[in-house]
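Participant: model23.cif is the file, holding mmCIF, C-alpha atoms and all ligand atoms:
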```cif
data_protein
loop_
_atom_site.label_atom_id
_atom_site.label_comp_id
_atom_site.auth_asym_id
_atom_site.auth_seq_id
_atom_site.Cartn_x
_atom_site.Cartn_y
_atom_site.Cartn_z
CA MET A 85 -26.32 1.95 2.79
CA LYS A 86 -24.03 4.88 2.01
CA VAL A 87 -20.26 4.47 2.13
CA LEU A 88 -17.47 7.06 1.97
CA VAL A 89 -14.00 6.18 0.68
CA ILE A 90 -11.19 8.54 1.68
CA GLY A 91 -8.40 9.02 -0.87
CA GLY A 92 -8.03 9.73 -4.55
CA GLY A 93 -5.74 7.16 -6.15
CA GLY A 94 -5.91 3.82 -7.92
CA ARG A 95 -6.37 1.94 -4.67
CA GLU A 96 -9.39 4.07 -3.81
CA HIS A 97 -10.83 3.63 -7.31
CA ALA A 98 -10.58 -0.14 -6.79
CA LEU A 99 -12.21 0.15 -3.34
CA VAL A 100 -15.07 2.21 -4.77
CA TRP A 101 -15.46 -0.31 -7.64
CA ALA A 102 -15.59 -3.24 -5.17
CA LEU A 103 -18.10 -1.41 -2.96
CA LYS A 104 -20.35 -0.63 -5.91
CA LYS A 105 -20.67 -4.36 -6.58
CA CYS A 106 -22.22 -4.93 -3.12
CA ARG A 107 -25.98 -5.22 -3.17
CA ARG A 108 -26.29 -3.49 0.21
CA VAL A 109 -24.42 -0.41 -0.99
CA ASP A 110 -26.73 2.21 -2.49
CA LYS A 111 -24.32 5.09 -2.85
CA VAL A 112 -20.59 5.68 -2.61
CA TYR A 113 -18.87 8.99 -1.93
CA CYS A 114 -15.16 9.63 -2.36
CA CYS A 115 -13.01 12.43 -0.92
CA PRO A 116 -11.34 13.83 -2.90
CA GLY A 117 -11.59 11.10 -5.57
CA ASN A 118 -10.52 11.74 -9.17
CA ALA A 119 -12.05 11.91 -12.65
CA GLY A 120 -12.18 8.12 -13.05
CA ILE A 121 -13.74 7.59 -9.62
CA SER A 122 -16.41 10.20 -10.38
CA GLY A 123 -18.01 7.73 -12.81
CA LEU A 124 -18.90 5.49 -9.85
CA ALA A 125 -19.02 7.73 -6.80
CA GLU A 126 -19.91 11.27 -5.84
CA CYS A 127 -16.52 12.92 -5.46
CA ILE A 128 -16.29 15.78 -2.99
CA ASN A 129 -13.18 17.89 -2.88
CA ILE A 130 -12.20 17.52 0.78
CA GLY A 131 -8.54 16.74 1.53
CA THR A 132 -7.70 13.44 3.19
CA ASP A 133 -6.19 15.35 6.14
CA ASN A 134 -9.22 17.58 6.77
CA ILE A 135 -10.76 15.36 9.41
CA ARG A 136 -13.23 17.95 10.74
CA ALA A 137 -14.71 18.50 7.27
CA LEU A 138 -14.92 14.73 6.70
CA VAL A 139 -16.84 14.27 9.97
CA ASP A 140 -19.21 17.06 8.97
CA LEU A 141 -19.81 15.48 5.56
CA VAL A 142 -20.55 12.06 7.06
CA LYS A 143 -23.04 13.57 9.52
CA CYS A 144 -24.64 15.84 6.95
CA GLU A 145 -25.13 13.07 4.33
CA TRP A 146 -26.00 10.33 6.86
CA ILE A 147 -23.13 8.14 5.61
CA ASP A 148 -23.16 4.73 7.29
CA LEU A 149 -19.54 3.65 6.89
CA THR A 150 -16.22 5.32 6.06
CA VAL A 151 -13.25 3.43 4.59
CA VAL A 152 -9.80 4.98 4.78
CA GLY A 153 -7.43 4.35 1.84
CA PRO A 154 -4.13 6.14 2.58
CA GLU A 155 -1.93 6.32 5.67
CA VAL A 156 -1.91 10.08 6.29
CA PRO A 157 -5.43 10.39 7.79
CA LEU A 158 -4.81 7.23 9.82
CA GLY A 159 -1.64 8.80 11.22
CA LEU A 160 -3.63 11.93 12.08
CA GLY A 161 -6.05 9.83 14.14
CA ILE A 162 -9.13 9.92 11.90
CA VAL A 163 -10.37 6.61 13.31
CA ASP A 164 -10.18 7.86 16.90
CA VAL A 165 -12.09 11.02 15.99
CA PHE A 166 -14.82 9.10 14.11
CA GLU A 167 -15.20 6.64 16.97
CA ARG A 168 -15.53 9.46 19.50
CA GLU A 169 -18.28 10.89 17.27
CA GLY A 170 -20.03 7.49 17.12
CA LEU A 171 -19.36 7.10 13.36
CA LYS A 172 -18.47 3.76 11.76
CA ILE A 173 -15.05 3.64 10.15
CA PHE A 174 -12.73 0.97 8.74
CA GLY A 175 -9.06 1.35 9.67
CA PRO A 176 -6.69 1.23 12.63
CA SER A 177 -6.51 3.80 15.43
CA GLN A 178 -3.71 6.37 15.59
CA ARG A 179 -1.72 4.28 18.07
CA ALA A 180 -2.11 1.11 16.01
CA ALA A 181 -1.14 3.00 12.84
CA MET A 182 2.22 3.83 14.48
CA LEU A 183 3.43 0.54 13.03
CA GLU A 184 3.60 2.53 9.79
CA THR A 185 3.85 6.15 10.90
CA SER A 186 6.93 5.58 13.09
CA LYS A 187 9.52 3.15 11.80
CA VAL A 188 11.35 3.47 15.14
CA PHE A 189 8.19 2.37 16.98
CA ALA A 190 7.80 -0.56 14.57
CA LYS A 191 11.44 -1.68 14.81
CA ASP A 192 11.52 -1.42 18.60
CA PHE A 193 8.26 -3.37 18.78
CA MET A 194 9.72 -6.12 16.58
CA ARG A 195 12.97 -6.24 18.55
CA ARG A 196 11.13 -6.40 21.88
CA HIS A 197 9.00 -9.27 20.66
CA ALA A 198 11.58 -11.16 18.55
CA ILE A 199 9.63 -10.67 15.29
CA PRO A 200 12.17 -11.33 12.52
CA THR A 201 13.49 -8.11 10.96
CA ALA A 202 16.79 -6.60 9.79
CA ARG A 203 19.32 -5.63 12.51
CA TYR A 204 19.29 -1.86 13.05
CA LYS A 205 20.33 1.14 15.10
CA VAL A 206 18.43 4.40 15.67
CA PHE A 207 20.17 7.81 15.48
CA THR A 208 19.14 11.33 16.41
CA SER A 209 22.63 12.77 15.92
CA TYR A 210 23.95 13.38 12.41
CA PRO A 211 27.68 12.95 13.29
CA GLN A 212 26.95 9.70 15.10
CA ALA A 213 24.96 8.36 12.13
CA GLU A 214 27.86 9.32 9.83
CA GLU A 215 30.34 7.60 12.11
CA TYR A 216 28.21 4.43 12.15
CA ILE A 217 28.03 4.35 8.34
CA ARG A 218 31.83 4.70 8.16
CA LEU A 219 32.12 1.76 10.54
CA MET A 220 29.55 -0.51 8.84
CA GLY A 221 30.25 0.30 5.16
CA ALA A 222 27.82 -0.55 2.34
CA PRO A 223 25.42 -1.94 1.27
CA ILE A 224 23.26 -0.52 4.00
CA VAL A 225 19.70 0.84 4.34
CA VAL A 226 18.85 4.33 5.65
CA LYS A 227 15.27 5.11 6.72
CA ALA A 228 13.59 8.27 7.94
CA ASP A 229 11.47 7.53 11.01
CA GLY A 230 8.22 9.20 9.91
CA LEU A 231 5.97 9.23 6.84
CA ALA A 232 7.72 10.37 3.67
CA ALA A 233 5.30 9.35 0.89
CA GLY A 234 7.28 6.20 0.15
CA LYS A 235 10.52 8.13 -0.42
CA GLY A 236 12.05 7.89 3.06
CA VAL A 237 13.90 4.60 2.52
CA ILE A 238 17.25 4.59 0.73
CA VAL A 239 18.87 1.25 -0.04
CA ALA A 240 22.47 2.45 -0.42
CA ALA A 241 24.80 0.38 -2.57
CA THR A 242 27.83 2.47 -1.66
CA HIS A 243 29.15 4.27 1.37
CA GLU A 244 28.73 7.61 -0.48
CA GLU A 245 25.05 6.93 -1.20
CA ALA A 246 24.47 6.16 2.47
CA GLU A 247 26.21 9.41 3.52
CA ASP A 248 24.13 11.36 0.99
CA ALA A 249 20.98 9.75 2.42
CA ILE A 250 21.63 10.75 6.02
CA ARG A 251 22.68 14.24 4.93
CA LEU A 252 19.41 14.65 3.01
CA ILE A 253 17.30 13.37 5.87
CA MET A 254 19.14 14.78 8.93
CA ALA A 255 20.92 17.93 7.72
CA ASP A 256 18.84 19.11 4.73
CA ARG A 257 15.68 17.78 6.40
CA VAL A 258 13.99 17.04 3.08
CA PHE A 259 11.28 15.07 4.91
CA GLY A 260 10.91 17.64 7.72
CA ASP A 261 10.18 16.18 11.18
CA ALA A 262 9.92 12.69 9.67
CA GLY A 263 13.74 12.82 9.65
CA ASP A 264 14.27 13.72 13.33
CA LYS A 265 15.34 10.12 13.81
CA VAL A 266 16.89 7.77 11.30
CA ILE A 267 17.23 4.03 11.27
CA ILE A 268 20.32 2.51 9.75
CA GLU A 269 19.87 -1.17 9.10
CA GLU A 270 21.33 -4.22 7.50
CA ARG A 271 20.29 -4.84 3.89
CA ILE A 272 18.46 -8.12 3.43
CA THR A 273 18.46 -9.72 0.00
CA GLY A 274 15.84 -12.18 -1.21
CA GLU A 275 12.36 -12.18 -2.68
CA GLU A 276 10.04 -9.34 -1.63
CA VAL A 277 6.36 -10.05 -0.92
CA SER A 278 3.39 -8.00 0.26
CA PHE A 279 1.46 -9.95 2.87
CA MET A 280 -1.82 -8.43 4.05
CA VAL A 281 -4.47 -9.58 6.48
CA PHE A 282 -7.87 -8.40 7.61
CA THR A 283 -8.06 -8.26 11.37
CA ASP A 284 -10.56 -7.10 13.97
CA GLY A 285 -7.94 -7.27 16.71
CA LYS A 286 -8.67 -10.92 17.47
CA ALA A 287 -9.41 -12.90 14.30
CA ILE A 288 -6.83 -12.62 11.52
CA VAL A 289 -7.75 -13.58 7.96
CA PRO A 290 -4.99 -13.66 5.35
CA ILE A 291 -5.53 -11.89 2.05
CA PRO A 292 -3.90 -13.61 -0.97
CA THR A 293 -0.25 -12.76 -1.46
CA SER A 294 0.96 -10.18 -3.94
CA GLN A 295 4.15 -8.55 -5.08
CA ASP A 296 4.81 -4.92 -5.82
CA HIS A 297 7.41 -3.50 -8.25
CA LYS A 298 8.90 -0.44 -6.59
CA ARG A 299 11.62 0.63 -9.01
CA VAL A 300 10.61 2.80 -11.92
CA TYR A 301 12.30 0.88 -14.76
CA ASP A 302 12.36 -2.71 -16.01
CA ASN A 303 14.64 -5.16 -14.24
CA ASP A 304 14.28 -3.17 -11.03
CA LYS A 305 16.42 -0.28 -12.26
CA GLY A 306 16.08 3.40 -11.37
CA PRO A 307 14.71 5.09 -8.26
CA ASN A 308 11.92 3.81 -5.99
CA THR A 309 8.34 4.86 -6.72
CA GLY A 310 5.01 4.42 -4.98
CA GLY A 311 4.75 1.15 -6.96
CA MET A 312 4.76 0.51 -10.73
CA GLY A 313 2.77 -2.71 -10.83
CA ALA A 314 1.72 -5.77 -8.88
CA TYR A 315 0.55 -9.31 -9.29
CA SER A 316 -1.28 -11.84 -7.16
CA PRO A 317 -0.74 -14.55 -6.05
CA ALA A 318 3.00 -14.44 -5.37
CA PRO A 319 4.18 -18.02 -5.97
CA VAL A 320 7.21 -17.58 -3.68
CA VAL A 321 4.73 -17.98 -0.80
CA ASP A 322 3.43 -21.54 -0.74
CA LYS A 323 1.05 -22.92 1.89
CA ALA A 324 3.89 -23.76 4.29
CA MET A 325 5.46 -20.31 3.93
CA GLU A 326 2.05 -18.68 4.49
CA GLU A 327 1.73 -20.57 7.74
CA THR A 328 5.25 -19.54 8.78
CA ILE A 329 4.40 -15.88 8.07
CA MET A 330 1.15 -16.12 10.04
CA GLU A 331 2.87 -17.90 12.94
CA THR A 332 6.07 -15.87 13.24
CA ILE A 333 4.83 -12.43 12.12
CA MET A 334 1.12 -11.70 11.70
CA ARG A 335 -0.39 -13.45 14.74
CA PRO A 336 2.34 -12.26 17.13
CA THR A 337 2.07 -8.69 15.80
CA ILE A 338 -1.66 -8.48 16.49
CA SER A 339 -1.61 -10.31 19.82
CA LEU A 340 1.45 -8.52 21.19
CA LEU A 341 0.03 -5.13 20.23
CA ALA A 342 -3.12 -6.14 22.12
CA LYS A 343 -0.94 -7.03 25.11
CA ASP A 344 0.56 -3.53 24.90
CA GLY A 345 -3.03 -2.21 25.05
CA ILE A 346 -3.35 -1.46 21.31
CA LYS A 347 -6.23 -3.03 19.39
CA TYR A 348 -5.46 -3.25 15.67
CA LYS A 349 -8.50 -3.22 13.35
CA GLY A 350 -8.34 -2.96 9.58
CA VAL A 351 -5.81 -4.18 7.04
CA LEU A 352 -2.33 -4.91 8.31
CA TYR A 353 0.30 -5.10 5.59
CA ALA A 354 3.73 -6.58 6.17
CA GLY A 355 6.34 -5.86 3.51
CA LEU A 356 8.46 -9.00 3.73
CA MET A 357 11.75 -10.23 2.38
CA ILE A 358 12.03 -14.01 2.11
CA ARG A 359 15.67 -14.98 2.57
CA GLU A 360 16.73 -18.61 2.54
CA GLY A 361 13.23 -19.80 3.35
CA LYS A 362 12.70 -17.37 6.24
CA PRO A 363 10.47 -14.26 6.17
CA TYR A 364 11.73 -10.92 7.59
CA VAL A 365 9.65 -7.78 8.06
CA LEU A 366 11.04 -4.82 6.08
CA GLU A 367 8.16 -2.57 7.08
CA TYR A 368 4.57 -2.52 8.20
CA ASN A 369 1.81 -0.54 6.50
CA CYS A 370 -1.53 0.07 8.16
CA ARG A 371 -3.67 -0.09 4.98
CA PHE A 372 -3.99 -1.79 1.60
CA GLY A 373 -0.97 -1.44 -0.69
CA ASP A 374 -1.25 0.58 -3.88
CA PRO A 375 -1.03 -0.92 -6.56
CA GLU A 376 -1.44 -4.29 -4.79
CA ALA A 377 -5.08 -3.47 -3.92
CA GLN A 378 -5.94 -3.00 -7.59
CA ALA A 379 -4.78 -6.56 -8.35
CA LEU A 380 -6.17 -8.09 -5.15
CA LEU A 381 -9.64 -6.57 -5.35
CA MET A 382 -10.07 -7.99 -8.87
CA ARG A 383 -9.74 -11.41 -7.21
CA LEU A 384 -12.17 -10.78 -4.34
CA ASP A 385 -15.30 -12.93 -4.67
CA SER A 386 -17.18 -11.72 -1.56
CA GLY A 387 -18.91 -8.45 -0.77
CA ILE A 388 -16.23 -6.11 0.53
CA VAL A 389 -18.69 -4.11 2.61
CA ASP A 390 -19.51 -7.23 4.65
CA ILE A 391 -15.81 -7.66 5.42
CA PHE A 392 -15.47 -4.03 6.49
CA LEU A 393 -18.52 -4.31 8.75
CA ALA A 394 -17.33 -7.62 10.22
CA VAL A 395 -14.03 -5.96 11.15
CA TYR A 396 -15.78 -2.94 12.61
CA ASP A 397 -18.17 -5.15 14.63
CA GLU A 398 -15.31 -7.44 15.71
CA ALA A 399 -17.13 -10.38 14.14
CA LEU A 400 -14.50 -11.37 11.58
CA GLU A 401 -14.18 -14.88 13.03
CA ALA A 402 -17.60 -15.78 11.58
CA ALA A 403 -17.09 -14.11 8.18
CA THR A 404 -16.49 -16.07 4.98
CA ILE A 405 -14.18 -14.38 2.53
CA LYS A 406 -13.81 -15.93 -0.90
CA TRP A 407 -11.25 -15.21 -3.59
CA LYS A 408 -11.32 -16.12 -7.26
CA PRO A 409 -8.82 -18.78 -8.30
CA GLU A 410 -7.68 -16.61 -11.21
CA ALA A 411 -4.48 -14.60 -11.05
CA ALA A 412 -4.39 -10.80 -11.39
CA VAL A 413 -1.79 -8.41 -12.76
CA ALA A 414 -1.84 -4.61 -12.41
CA VAL A 415 0.33 -2.30 -14.50
CA VAL A 416 0.80 1.34 -13.52
CA MET A 417 0.99 3.90 -16.34
CA ALA A 418 2.98 6.93 -15.22
CA ALA A 419 3.55 10.50 -16.41
CA GLY A 420 6.81 11.39 -18.18
CA GLY A 421 9.45 12.26 -15.57
CA TYR A 422 7.82 10.38 -12.67
CA PRO A 423 9.03 9.75 -9.93
CA GLY A 424 10.88 13.05 -10.46
CA ASP A 425 9.22 16.22 -11.78
CA PHE A 426 6.40 15.50 -14.21
CA GLN A 427 3.82 17.41 -16.21
CA ARG A 428 0.08 17.35 -15.69
CA GLY A 429 -2.78 17.95 -18.09
CA LYS A 430 -1.91 15.45 -20.85
CA VAL A 431 -5.04 14.18 -22.57
CA ILE A 432 -5.60 10.41 -22.24
CA THR A 433 -7.02 8.49 -25.20
CA GLY A 434 -8.14 4.90 -25.73
CA LEU A 435 -9.94 4.35 -22.42
CA GLU A 436 -13.30 3.74 -24.10
CA SER A 437 -11.96 0.70 -25.96
CA ILE A 438 -11.48 -1.29 -22.73
CA LYS A 439 -14.52 -3.22 -21.53
CA GLU A 440 -14.82 -4.44 -17.98
CA PRO A 441 -16.62 -7.72 -18.67
CA ASP A 442 -13.37 -8.91 -20.27
CA GLY A 443 -11.89 -9.08 -16.78
CA VAL A 444 -9.93 -5.87 -17.30
CA CYS A 445 -10.34 -2.71 -15.21
CA VAL A 446 -8.63 0.62 -15.67
CA PHE A 447 -8.36 2.18 -12.23
CA HIS A 448 -7.50 5.87 -12.27
CA SER A 449 -4.57 6.78 -10.06
CA GLY A 450 -4.40 10.47 -10.94
CA THR A 451 -6.75 11.96 -13.53
CA ALA A 452 -8.85 15.10 -13.90
CA PHE A 453 -11.34 16.31 -16.49
CA ASP A 454 -9.99 18.79 -18.99
CA GLY A 455 -12.48 20.15 -21.52
CA GLY A 456 -14.56 16.97 -21.39
CA TYR A 457 -11.54 14.65 -21.71
CA TYR A 458 -9.66 12.65 -19.12
CA ALA A 459 -6.25 14.22 -18.50
CA THR A 460 -3.28 13.31 -16.31
CA SER A 461 -3.13 14.96 -12.89
CA SER A 462 -0.38 13.18 -10.96
CA GLY A 463 2.72 11.01 -11.36
CA ARG A 464 0.93 7.68 -11.34
CA VAL A 465 -1.92 8.16 -13.78
CA LEU A 466 -3.70 4.83 -14.38
CA THR A 467 -3.51 1.26 -13.14
CA VAL A 468 -4.57 -1.33 -15.72
CA ALA A 469 -5.59 -4.49 -13.86
CA ALA A 470 -6.57 -7.79 -15.43
CA LEU A 471 -7.53 -11.32 -14.44
CA GLY A 472 -6.35 -14.47 -16.18
CA GLU A 473 -6.32 -18.24 -15.72
CA ASN A 474 -2.74 -17.85 -14.51
CA ILE A 475 -0.19 -15.05 -14.07
CA SER A 476 1.00 -15.33 -17.65
CA GLU A 477 -2.50 -14.87 -19.06
CA ALA A 478 -3.35 -12.07 -16.64
CA LYS A 479 -0.13 -10.31 -17.66
CA ASP A 480 -0.97 -10.62 -21.36
CA ASN A 481 -4.49 -9.30 -20.75
CA ALA A 482 -3.20 -6.31 -18.77
CA TYR A 483 -0.57 -5.41 -21.36
CA GLN A 484 -3.00 -5.79 -24.28
CA ALA A 485 -5.29 -3.29 -22.59
CA ALA A 486 -2.42 -0.94 -21.69
CA ALA A 487 -1.35 -0.90 -25.36
CA LYS A 488 -4.69 0.71 -26.27
CA ILE A 489 -4.15 3.70 -23.97
CA HIS A 490 -2.08 6.73 -24.79
CA PHE A 491 -0.97 10.03 -23.31
CA GLU A 492 2.05 12.12 -24.17
CA ASP A 493 5.31 11.00 -22.51
CA MET A 494 3.63 8.10 -20.71
CA HIS A 495 5.79 5.25 -19.49
CA TYR A 496 5.18 1.93 -17.82
CA ARG A 497 7.19 -1.14 -16.94
CA LYS A 498 7.05 -3.96 -19.47
CA ASP A 499 8.17 -6.65 -17.03
CA ILE A 500 5.46 -6.67 -14.36
CA ALA A 501 4.96 -10.22 -13.04
CA MET A 502 8.00 -11.57 -14.91
CA ARG A 503 9.50 -12.70 -11.63
CA ALA A 504 6.44 -14.83 -10.88
CA LEU A 505 6.80 -16.63 -14.19
CA LYS A 506 10.20 -17.85 -13.00
CA TYR A 507 8.30 -20.02 -10.50
CA THR A 508 5.26 -20.98 -12.51
CA GLY A 509 6.70 -21.20 -16.04
P1 LIG B 1 8.78 1.86 1.16
O1 LIG B 1 7.60 1.00 0.86
O2 LIG B 1 8.82 3.09 0.34
O3 LIG B 1 9.05 2.10 2.61
O4 LIG B 1 9.99 1.07 0.53
C1 LIG B 1 10.89 0.41 1.22
C2 LIG B 1 11.56 -0.49 0.26
O5 LIG B 1 12.95 -0.46 0.50
C3 LIG B 1 11.15 -1.95 0.47
O6 LIG B 1 10.04 -2.29 -0.25
C4 LIG B 1 12.39 -2.67 0.02
O7 LIG B 1 12.42 -2.82 -1.38
C5 LIG B 1 13.49 -1.76 0.44
N1 LIG B 1 14.02 -2.12 1.78
C6 LIG B 1 13.60 -1.66 2.98
N2 LIG B 1 14.32 -2.19 3.99
C7 LIG B 1 15.22 -3.02 3.43
C8 LIG B 1 16.24 -3.89 3.95
N3 LIG B 1 16.51 -3.97 5.26
N4 LIG B 1 16.95 -4.61 3.06
C9 LIG B 1 16.71 -4.52 1.73
N5 LIG B 1 15.76 -3.72 1.18
C10 LIG B 1 15.02 -2.98 2.01
N1 LIG B 2 2.84 -0.58 -2.77
C1 LIG B 2 3.44 -0.27 -1.54
C2 LIG B 2 2.63 0.57 -0.66
O1 LIG B 2 1.45 0.75 -0.85
O2 LIG B 2 3.19 1.04 0.32
#
```
What do you get writing this file as structure tokens?
Facilitator:
Amino acid sequence: MKVLVIGGGGREHALVWALKKCRRVDKVYCCPGNAGISGLAECINIGTDNIRALVDLVKCEWIDLTVVGPEVPLGLGIVDVFEREGLKIFGPSQRAAMLETSKVFAKDFMRRHAIPTARYKVFTSYPQAEEYIRLMGAPIVVKADGLAAGKGVIVAATHEEAEDAIRLIMADRVFGDAGDKVIIEERITGEEVSFMVFTDGKAIVPIPTSQDHKRVYDNDKGPNTGGMGAYSPAPVVDKAMEETIMETIMRPTISLLAKDGIKYKGVLYAGLMIREGKPYVLEYNCRFGDPEAQALLMRLDSGIVDIFLAVYDEALEAATIKWKPEAAVAVVMAAGGYPGDFQRGKVITGLESIKEPDGVCVFHSGTAFDGGYYATSSGRVLTVAALGENISEAKDNAYQAAAKIHFEDMHYRKDIAMRALKYTG
């Protein structure tokens, strides 16, 4: 069969790589893809938001299944359009994706259904938001309601930072309409975990746990990024904690959405904070995490296309999904300046010295061809992912591979997965 992956980052490279391993998959397309992905899939330069052109491509090429990587097309309702056209697609509908595309929708849903989350208030008025911050003081968290490419959440350590955040969002409108409403909420401290499940709206199958590293520098210093690295499994979630998360968060989320008339199909991702043995939802995402997917898909030991089809056909209950016992670590290599302004077009060397059978994959997050060479084309450039007997070995394998790669002004965190070693030694 023919499969289309929508997106062009490291997560999509990992999805294409996993699909190519499936015997039933003859050909993979990727829109728009990137230079690394083009080694495995036919990349076609259609934007992830150009739904009409994507429908036309799928019809024209007789593509059997489409898999959506990022949140933007989901928020635009790509799944609803494909279903109306009778085309198979993996991902949640526009209404279901509101768990990610509107933080106000998600918070109100959690409050209504007593799903554990930080206490919050919603504001549409700038002076009232300012007044509330004066009253509450810091630390406090300010969030734009809509999608803001991972930049719409400000964890303010001081009162001034919180005021700056609401001014940026509400007065300067740096995120446009996404800042029409803001949420101001209590800061929760603890251990952060990414918890994802596959669901067809009825059956819910947990994916192994993982942890992202959002800050740009070692020891969680510097501004937030899209994610600088990840590891799986996250030892802070033991069997009992997994059951608590399923019981208090994942199962109620899916079943209560269904009660509200919203069927959720696809990957549901809860960004959790575990505080004193209790999980709280910081945010929902309606897709795989990036870079978590790069680590997780290294561990998948079943055909991913069968999982996607089981979700689409609402037959997930009967599916068997196996994972390798090994651990995985993924390290993101970023362009100089990222997450601020950065330069493109830096030639990348050393890629040819990394061999996949060693359990190491270099997923391209943002690369283009430049005169026959791979060159950088976005802020996150590569994700080096590796397996190992345990987290420590996977980390060593990933960093050994990363050390062979070079591009001018590159930077990457040297402490990915360090926090896990605190638990496992
Ligand atoms: P994003 O994935 O860009 O929405 O990032 C949001 C990040 O902000 C989370 O991953 C947390 O690290 C942090 N965060 C969000 N809400 C809270 C909260 N209530 N308390 C503490 N940290 C938070
Ligand atoms: N790694 C966090 C995200 O994908 O939103």
Participant: Ranking A:Val163, A:Leu149, A:Val416, A:Ala287 by minimum distance to ligand LIG 2 (chain B) and counting only C-alpha atoms and all ligand atoms, which one comes first?
Facilitator: A:Val416
Participant: Mind checking which residues fall within 12 Å of Glu184 of chain A, counting all atoms listed in the file, ignoring those fewer than 5 positions away in the same chain, and posting them as JSON, numbers by chain?
Facilitator: {"A": [154, 155, 156, 158, 159, 176, 177, 178, 179, 189, 190, 191, 193, 228, 229, 230, 231, 232, 233, 234, 262, 351, 352, 353, 354, 355, 366, 367, 368, 369, 370, 371, 372]}
Participant: Taking only C-alpha atoms and all ligand atoms into account, report as a ChimeraX atom specification which residues have an atom no farther than 7 Å from an atom of ligand LIG 2 (chain B).
Facilitator: /A:234,296,310-311,369,372-376
Participant: Could you write those residues out with C-alpha atoms, as a tab-separated table (two decimals), in the coordinates of the input?
Facilitator:
```tsv
chain	number	residue	atom	x	y	z
A	234	GLY	CA	7.28	6.20	0.15
A	296	ASP	CA	4.81	-4.92	-5.82
A	310	GLY	CA	5.01	4.42	-4.98
A	311	GLY	CA	4.75	1.15	-6.96
A	369	ASN	CA	1.81	-0.54	6.50
A	372	PHE	CA	-3.99	-1.79	1.60
A	373	GLY	CA	-0.97	-1.44	-0.69
A	374	ASP	CA	-1.25	0.58	-3.88
A	375	PRO	CA	-1.03	-0.92	-6.56
A	376	GLU	CA	-1.44	-4.29	-4.79
```
Participant: Given the choices A:Thr332, A:Gln212, A:Ser294, A:Ser278, which gets closest to Pro317 of chain A if the distance is worked out from all atoms listed in the file?
Facilitator: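 Nearest candidate to Pro317 of chain A out of A:Thr332, A:Gln212, A:Ser294, A:Ser278: A:Ser294.
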Participant: For Glu473 of chain A, list every protein, DNA or RNA residue within 9 Å, evaluated using all atoms listed in the file, and leave out those in the same chain fewer than 4 positions away; present the list as a PyMOL selection string.
Facilitator: chain A and resi 409-412+477-478
Participant: Atom O3 of ligand LIG 1 (chain B) to atom CA of Asn481 of chain A: how many Å, to one decimal?
Facilitator: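 Atom-to-atom, atom O3 of ligand LIG 1 (chain B) to atom CA of Asn481 of chain A, that is 29.3 Å.
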Participant: For the contact check between chain A and ligand LIG 1 (chain B), emit one row per residue of chain A within 8 Å, containing the shortest atom pair and the distance in Å rounded to one decimal, counting all atoms listed in the file, chain then rising number order, as a Markdown table.
Facilitator:
```
| residue | atom | partner | partner_atom | distance |
| --- | --- | --- | --- | --- |
| A:Thr201 | CA | B:LIG1 | N3 | 7.7 |
| A:Ala202 | CA | B:LIG1 | N3 | 5.2 |
| A:Arg203 | CA | B:LIG1 | N3 | 8.0 |
| A:Ile224 | CA | B:LIG1 | N4 | 7.6 |
| A:Val225 | CA | B:LIG1 | N3 | 5.8 |
| A:Lys227 | CA | B:LIG1 | N2 | 7.9 |
| A:Ala233 | CA | B:LIG1 | O2 | 7.2 |
| A:Gly234 | CA | B:LIG1 | O2 | 3.5 |
| A:Lys235 | CA | B:LIG1 | O2 | 5.4 |
| A:Gly236 | CA | B:LIG1 | O2 | 6.4 |
| A:Val237 | CA | B:LIG1 | C1 | 5.3 |
| A:Ile238 | CA | B:LIG1 | O5 | 6.6 |
| A:Val239 | CA | B:LIG1 | N5 | 6.0 |
| A:Glu269 | CA | B:LIG1 | N3 | 5.8 |
| A:Glu270 | CA | B:LIG1 | N3 | 5.3 |
| A:Arg271 | CA | B:LIG1 | N4 | 3.4 |
| A:Ile272 | CA | B:LIG1 | N4 | 3.8 |
| A:Thr273 | CA | B:LIG1 | C9 | 5.8 |
| A:Glu276 | CA | B:LIG1 | O7 | 6.9 |
| A:Lys298 | CA | B:LIG1 | O6 | 6.7 |
| A:Asn308 | CA | B:LIG1 | O2 | 7.1 |
| A:Thr309 | CA | B:LIG1 | O2 | 7.3 |
| A:Gly310 | CA | B:LIG1 | O2 | 6.7 |
| A:Gly355 | CA | B:LIG1 | O6 | 6.4 |
| A:Leu356 | CA | B:LIG1 | O6 | 8.0 |
| A:Met357 | CA | B:LIG1 | C9 | 7.6 |
| A:Leu366 | CA | B:LIG1 | N2 | 4.7 |
| A:Glu367 | CA | B:LIG1 | O3 | 6.5 |
```
Participant: Mind giving me the straight-line distance from atom CA of Val112 of chain A to atom CA of Asp442 of chain A in Å, one decimal?
Facilitator: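 Computed distance, atom CA of Val112 of chain A to atom CA of Asp442 of chain A, equals 24.0 Å.
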Participant: May I ask which of the residues A:Leu435, A:Cys106, A:Leu384, A:Ala414 is the closest one to Asp480 of chain A, counting only C-alpha atoms?
Facilitator: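 Between A:Leu435, A:Cys106, A:Leu384, A:Ala414, the residue approaching Asp480 of chain A most closely is A:Ala414.
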Participant: Name the residues within 6 Å of (-10.1, -0.8, 7.9), counting all atoms listed in the file in the file's coordinates, and put them as a VMD selection string.
Facilitator: chain A and resid 174 to 175 350 to 351
Participant: Considering only C-alpha atoms, state which residue in the set A:Lys86, A:Arg503, A:Arg428, A:Lys265 is at the smallest distance from Gln295 of chain A.
Facilitator: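 Of A:Lys86, A:Arg503, A:Arg428, A:Lys265, the one nearest Gln295 of chain A, counting only C-alpha atoms, is A:Arg503.
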